[in-house]
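Peer 1: Take a look at protein-v5.cif, mmCIF, C-alpha atoms and all ligand atoms:
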data_run
#
loop_
_atom_site.group_PDB
_atom_site.id
_atom_site.type_symbol
_atom_site.label_atom_id
_atom_site.label_comp_id
_atom_site.auth_asym_id
_atom_site.auth_seq_id
_atom_site.Cartn_x
_atom_site.Cartn_y
_atom_site.Cartn_z
ATOM 1 C CA MET A 10 5.779 -178.007 -48.321
ATOM 2 C CA ILE A 11 8.968 -176.622 -46.904
ATOM 3 C CA LEU A 12 10.052 -172.982 -47.040
ATOM 4 C CA TRP A 13 13.779 -172.292 -47.053
ATOM 5 C CA THR A 14 16.116 -169.385 -47.648
ATOM 6 C CA LYS A 15 19.778 -168.473 -47.758
ATOM 7 C CA SER A 16 18.900 -165.039 -46.418
ATOM 8 C CA LYS A 17 20.238 -164.103 -42.980
ATOM 9 C CA ASN A 18 17.738 -161.247 -42.630
ATOM 10 C CA LYS A 19 16.170 -161.686 -39.174
ATOM 11 C CA LYS A 20 12.768 -160.370 -40.241
ATOM 12 C CA VAL A 21 12.671 -162.784 -43.183
ATOM 13 C CA LEU A 22 13.696 -165.718 -40.962
ATOM 14 C CA LYS A 23 11.077 -164.876 -38.334
ATOM 15 C CA ALA A 24 8.351 -164.340 -40.970
ATOM 16 C CA MET A 25 9.334 -167.604 -42.672
ATOM 17 C CA GLU A 26 9.060 -169.476 -39.369
ATOM 18 C CA TYR A 27 5.544 -168.140 -38.762
ATOM 19 C CA ALA A 28 4.558 -168.826 -42.392
ATOM 20 C CA GLN A 29 5.745 -172.418 -42.055
ATOM 21 C CA ARG A 30 3.713 -172.844 -38.870
ATOM 22 C CA TYR A 31 0.603 -171.444 -40.551
ATOM 23 C CA LEU A 32 1.026 -173.591 -43.671
ATOM 24 C CA ASN A 33 1.252 -176.696 -41.471
ATOM 25 C CA SER A 34 -1.673 -175.697 -39.276
ATOM 26 C CA GLU A 35 -5.302 -176.703 -39.146
ATOM 27 C CA ASP A 36 -6.085 -172.974 -39.302
ATOM 28 C CA LEU A 37 -4.941 -172.891 -42.938
ATOM 29 C CA LYS A 38 -7.644 -175.480 -43.693
ATOM 30 C CA SER A 39 -10.415 -173.695 -41.819
ATOM 31 C CA ASP A 40 -9.441 -170.315 -43.331
ATOM 32 C CA ILE A 41 -9.680 -171.712 -46.880
ATOM 33 C CA LEU A 42 -12.910 -173.577 -46.174
ATOM 34 C CA SER A 43 -14.493 -170.522 -44.509
ATOM 35 C CA VAL A 44 -15.026 -169.073 -47.995
ATOM 36 C CA LYS A 45 -17.907 -170.107 -50.281
ATOM 37 C CA GLU A 46 -16.107 -169.127 -53.466
ATOM 38 C CA PHE A 47 -13.051 -167.148 -54.446
ATOM 39 C CA SER A 48 -12.954 -164.578 -57.241
ATOM 40 C CA HIS A 49 -10.692 -164.927 -60.311
ATOM 41 C CA THR A 50 -10.998 -168.728 -60.289
ATOM 42 C CA THR A 51 -13.401 -171.533 -61.089
ATOM 43 C CA ALA A 52 -11.705 -173.815 -58.554
ATOM 44 C CA THR A 53 -13.646 -174.512 -55.353
ATOM 45 C CA PRO A 54 -12.129 -173.817 -51.900
ATOM 46 C CA LYS A 55 -11.998 -177.589 -51.365
ATOM 47 C CA GLU A 56 -9.990 -178.098 -54.570
ATOM 48 C CA ILE A 57 -7.579 -175.313 -53.594
ATOM 49 C CA LEU A 58 -7.158 -176.835 -50.133
ATOM 50 C CA GLU A 59 -6.407 -180.199 -51.750
ATOM 51 C CA ALA A 60 -3.657 -178.558 -53.848
ATOM 52 C CA PHE A 61 -2.093 -177.238 -50.607
ATOM 53 C CA LEU A 62 -2.408 -180.569 -48.843
ATOM 54 C CA ASP A 63 -0.852 -182.298 -51.844
ATOM 55 C CA ALA A 64 2.158 -179.919 -51.768
ATOM 56 C CA ARG A 65 2.389 -180.475 -48.020
ATOM 57 C CA ALA A 66 2.279 -184.271 -48.346
ATOM 58 C CA ARG A 67 4.895 -184.289 -51.102
ATOM 59 C CA GLY A 68 7.237 -182.171 -48.964
ATOM 60 C CA VAL A 69 8.064 -179.929 -51.948
ATOM 61 C CA LYS A 70 10.561 -177.172 -51.181
ATOM 62 C CA VAL A 71 10.198 -173.532 -52.126
ATOM 63 C CA GLU A 72 13.011 -171.018 -51.735
ATOM 64 C CA ILE A 73 12.590 -167.420 -50.609
ATOM 65 C CA ARG A 74 15.127 -165.157 -52.325
ATOM 66 C CA VAL A 75 15.741 -161.624 -51.159
ATOM 67 C CA SER A 76 16.850 -159.166 -53.811
ATOM 68 C CA HIS A 77 16.499 -155.575 -54.926
ATOM 69 C CA PHE A 78 13.665 -155.180 -57.474
ATOM 70 C CA GLY A 79 14.830 -151.819 -58.801
ATOM 71 C CA ILE A 80 13.538 -148.260 -58.629
ATOM 72 C CA TRP A 81 10.229 -148.822 -60.514
ATOM 73 C CA LYS A 82 9.125 -151.614 -58.229
ATOM 74 C CA LYS A 83 10.217 -150.166 -54.932
ATOM 75 C CA ARG A 84 6.763 -150.657 -53.314
ATOM 76 C CA VAL A 85 6.295 -154.277 -54.391
ATOM 77 C CA LEU A 86 7.194 -156.668 -51.582
ATOM 78 C CA GLY A 87 6.797 -160.092 -53.190
ATOM 79 C CA SER A 88 7.053 -161.605 -56.644
ATOM 80 C CA PHE A 89 6.555 -165.077 -58.065
ATOM 81 C CA GLY A 90 7.519 -166.031 -61.610
ATOM 82 C CA SER A 91 7.676 -169.767 -62.041
ATOM 83 C CA GLY A 92 9.803 -172.458 -60.440
ATOM 84 C CA ASN A 93 10.431 -173.472 -56.877
ATOM 85 C CA TYR A 94 11.288 -169.998 -55.613
ATOM 86 C CA PHE A 95 9.818 -166.563 -55.145
ATOM 87 C CA LYS A 96 11.350 -163.219 -54.331
ATOM 88 C CA LEU A 97 11.045 -160.604 -51.618
ATOM 89 C CA ASN A 98 12.105 -157.042 -52.376
ATOM 90 C CA SER A 99 14.816 -155.851 -49.979
ATOM 91 C CA TYR A 100 13.803 -152.162 -50.017
ATOM 92 C CA PRO A 101 10.150 -152.305 -48.739
ATOM 93 C CA LEU A 102 11.115 -155.223 -46.486
ATOM 94 C CA ALA A 103 12.822 -152.763 -44.145
ATOM 95 C CA PHE A 104 9.526 -150.885 -43.582
ATOM 96 C CA ARG A 105 7.150 -153.809 -43.045
ATOM 97 C CA VAL A 106 6.428 -155.648 -39.797
ATOM 98 C CA VAL A 107 6.942 -159.417 -39.468
ATOM 99 C CA ALA A 108 3.200 -160.202 -39.763
ATOM 100 C CA GLU A 109 2.995 -158.344 -43.096
ATOM 101 C CA VAL A 110 6.114 -160.029 -44.460
ATOM 102 C CA MET A 111 4.683 -163.360 -43.333
ATOM 103 C CA GLY A 112 1.409 -162.574 -45.170
ATOM 104 C CA THR A 113 3.373 -161.819 -48.337
ATOM 105 C CA ILE A 114 5.282 -165.086 -47.996
ATOM 106 C CA VAL A 115 1.968 -166.974 -47.731
ATOM 107 C CA HIS A 116 0.515 -164.969 -50.686
ATOM 108 C CA GLU A 117 3.517 -165.954 -52.840
ATOM 109 C CA THR A 118 3.311 -169.540 -51.578
ATOM 110 C CA GLY A 119 -0.298 -169.445 -52.844
ATOM 111 C CA HIS A 120 1.008 -168.564 -56.315
ATOM 112 C CA TRP A 121 3.549 -171.331 -56.079
ATOM 113 C CA VAL A 122 0.925 -173.944 -55.100
ATOM 114 C CA ASP A 123 -1.237 -172.644 -57.964
ATOM 115 C CA TRP A 124 1.743 -173.140 -60.285
ATOM 116 C CA LEU A 125 2.310 -176.684 -58.910
ATOM 117 C CA ALA A 126 -1.349 -177.669 -59.296
ATOM 118 C CA LYS A 127 -1.992 -179.351 -62.611
ATOM 119 C CA LEU A 128 -5.725 -179.054 -63.173
ATOM 120 C CA ILE A 129 -6.838 -175.846 -61.502
ATOM 121 C CA ARG A 130 -5.786 -172.178 -61.524
ATOM 122 C CA PHE A 131 -6.277 -169.754 -58.642
ATOM 123 C CA GLY A 132 -4.226 -166.604 -59.171
ATOM 124 C CA HIS A 133 -5.452 -163.011 -59.295
ATOM 125 C CA GLY A 134 -4.925 -161.867 -62.889
ATOM 126 C CA ASP A 135 -2.865 -158.678 -63.266
ATOM 127 C CA ASN A 136 -0.707 -157.150 -60.551
ATOM 128 C CA SER A 137 -3.163 -154.510 -59.345
ATOM 129 C CA SER A 138 -4.431 -155.441 -55.872
ATOM 130 C CA SER A 139 -7.607 -153.318 -55.821
ATOM 131 C CA GLY A 140 -10.927 -155.157 -55.615
ATOM 132 C CA LYS A 141 -9.181 -158.486 -55.184
ATOM 133 C CA LYS A 142 -9.721 -159.235 -51.511
ATOM 134 C CA MET A 143 -11.462 -162.465 -52.466
ATOM 135 C CA ALA A 144 -8.897 -163.583 -55.034
ATOM 136 C CA PHE A 145 -7.207 -166.545 -53.379
ATOM 137 C CA PRO A 146 -3.596 -165.256 -52.997
ATOM 138 C CA TYR A 147 -4.799 -161.979 -51.439
ATOM 139 C CA PHE A 148 -7.346 -163.676 -49.223
ATOM 140 C CA ILE A 149 -4.862 -166.212 -47.847
ATOM 141 C CA GLY A 150 -2.156 -163.541 -47.418
ATOM 142 C CA TYR A 151 -4.456 -161.339 -45.315
ATOM 143 C CA ALA A 152 -5.750 -164.332 -43.335
ATOM 144 C CA ALA A 153 -2.138 -165.344 -42.649
ATOM 145 C CA THR A 154 -1.198 -161.841 -41.436
ATOM 146 C CA ARG A 155 -4.106 -161.836 -38.963
ATOM 147 C CA TRP A 156 -3.121 -165.335 -37.775
ATOM 148 C CA CYS A 157 0.497 -164.201 -37.380
ATOM 149 C CA GLU A 158 -0.485 -161.153 -35.307
ATOM 150 C CA ARG A 159 -2.395 -163.452 -32.927
ATOM 151 C CA GLU A 160 0.507 -165.930 -32.734
ATOM 152 C CA ILE A 161 3.073 -163.170 -32.071
ATOM 153 C CA LEU A 162 0.926 -161.874 -29.194
ATOM 154 C CA ARG A 163 0.578 -165.413 -27.849
ATOM 155 C CA ASP A 164 4.340 -166.043 -28.129
ATOM 156 C CA GLU A 165 5.113 -162.753 -26.388
ATOM 157 C CA ALA A 166 2.656 -163.560 -23.579
ATOM 158 C CA ALA A 167 4.155 -167.042 -23.185
ATOM 159 C CA LEU A 168 7.648 -165.549 -23.007
ATOM 160 C CA LYS A 169 6.513 -163.045 -20.407
ATOM 161 C CA ASN A 170 4.892 -165.810 -18.312
ATOM 162 C CA LYS A 171 8.092 -167.818 -18.521
ATOM 163 C CA GLN A 172 10.181 -164.840 -17.423
ATOM 164 C CA VAL A 173 7.836 -164.123 -14.505
ATOM 165 C CA ALA A 174 7.922 -167.788 -13.463
ATOM 166 C CA GLU A 175 11.738 -167.818 -13.598
ATOM 167 C CA LEU A 176 11.970 -164.604 -11.617
ATOM 168 C CA THR A 177 9.559 -165.948 -8.991
ATOM 169 C CA ALA A 178 11.536 -169.187 -8.724
ATOM 170 C CA GLN A 179 14.725 -167.181 -8.313
ATOM 171 C CA ILE A 180 13.217 -165.060 -5.511
ATOM 172 C CA ILE A 181 11.915 -168.138 -3.696
ATOM 173 C CA LYS A 182 15.325 -169.786 -4.004
ATOM 174 C CA GLU A 183 17.060 -166.734 -2.583
ATOM 175 C CA ARG A 184 14.593 -166.510 0.311
ATOM 176 C CA MET A 185 15.095 -170.209 1.104
ATOM 177 C CA ALA A 186 18.861 -169.740 1.095
ATOM 178 C CA ALA A 187 18.674 -166.724 3.407
HETATM 179 ZN ZN ZN B 1 0.112 -162.075 -56.215
#
Could you take the file, read its structure, and then write that structure out as structure tokens?

Peer 2:
Amino acid sequence: MILWTKSKNKKVLKAMEYAQRYLNSEDLKSDILSVKEFSHTTATPKEILEAFLDARARGVKVEIRVSHFGIWKKRVLGSFGSGNYFKLNSYPLAFRVVAEVMGTIVHETGHWVDWLAKLIRFGHGDNSSSGKKMAFPYFIGYAATRWCEREILRDEAALKNKQVAELTAQIIKERMAA
């Protein structure tokens, strides 16, 4: 599966990049299979994983659209209807960190894979989120956010190491030249 967007919003692009990495990772598999059963579905974790792997193998594309949801939905960050796209709400987007936006992207991707899957359903019923931690889209969204927080820390540490190494090399070079 391939995420794409026309949006130039830096937070959306960064979150999309992390979401894509997670969706292609082995961690997605182990996160799904770490659960015995999800609520709001009769599908097994293995069947849900197969739906993801099928979407991945087919290289299906899903678009992320950024729009304004209107005054009554100003807290809602993501929304999936049907079709190969889902929406992010521009207003709350400004107040959420990359890892949260990434989790929402993965949550909505979960709805999209559910929509693609022919024989099983794994949504979360109505739009209230309370008591639904183990409904698949919520579970995978939260798991993705935690994964993203770890990856961001790792990326920042790697960048710091690289900068220190470059600085050290520069100092050595200057000393040699002196
Ligand atoms: Zn949802």

Peer 1: Using only C-alpha atoms, can you list as a PyMOL selection string the residues within 9 Å of (0.9, -169.9, -38.6)?

Peer 2: chain A and resi 26-34+36-37+111+153-154+156-157+160

Peer 1: Hey, which residues come within 12 Å of ligand ZN 1 (chain B) if we count all atoms listed in the file? Could you give them as a VMD selection string?

Peer 2: chain A and resid 49 85 to 90 95 to 97 112 to 124 131 to 139 141 to 142 144 to 151

Peer 1: To one decimal place, how far is atom CA of A:Asp40 from atom CA of A:Ala166 in Å?

Peer 2: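 Taking atom CA of A:Asp40 and atom CA of A:Ala166, their separation equals 24.1 Å.
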
Peer 1: So what does the PyMOL selection byres (((chain A and resi 58) around 10) and not hetatm) actually pick up in this one, as a list in words?

Peer 2: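 On the file shown, the PyMOL selection byres (((chain A and resi 58) around 10) and not hetatm) covers Leu37, Lys38, Ser39, Asp40, Ile41, Leu42, Thr53, Pro54, Lys55, Glu56, Ile57, Glu59, Ala60, Phe61, Leu62, Asp63, Ala64 and Val122 of chain A.
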
Peer 1: Taking into account all atoms listed in the file, which residue in the set A:Asn98, A:Ala126, A:Glu175, A:Ala66 is nearest to A:Gly79?

Peer 2: A:Asn98
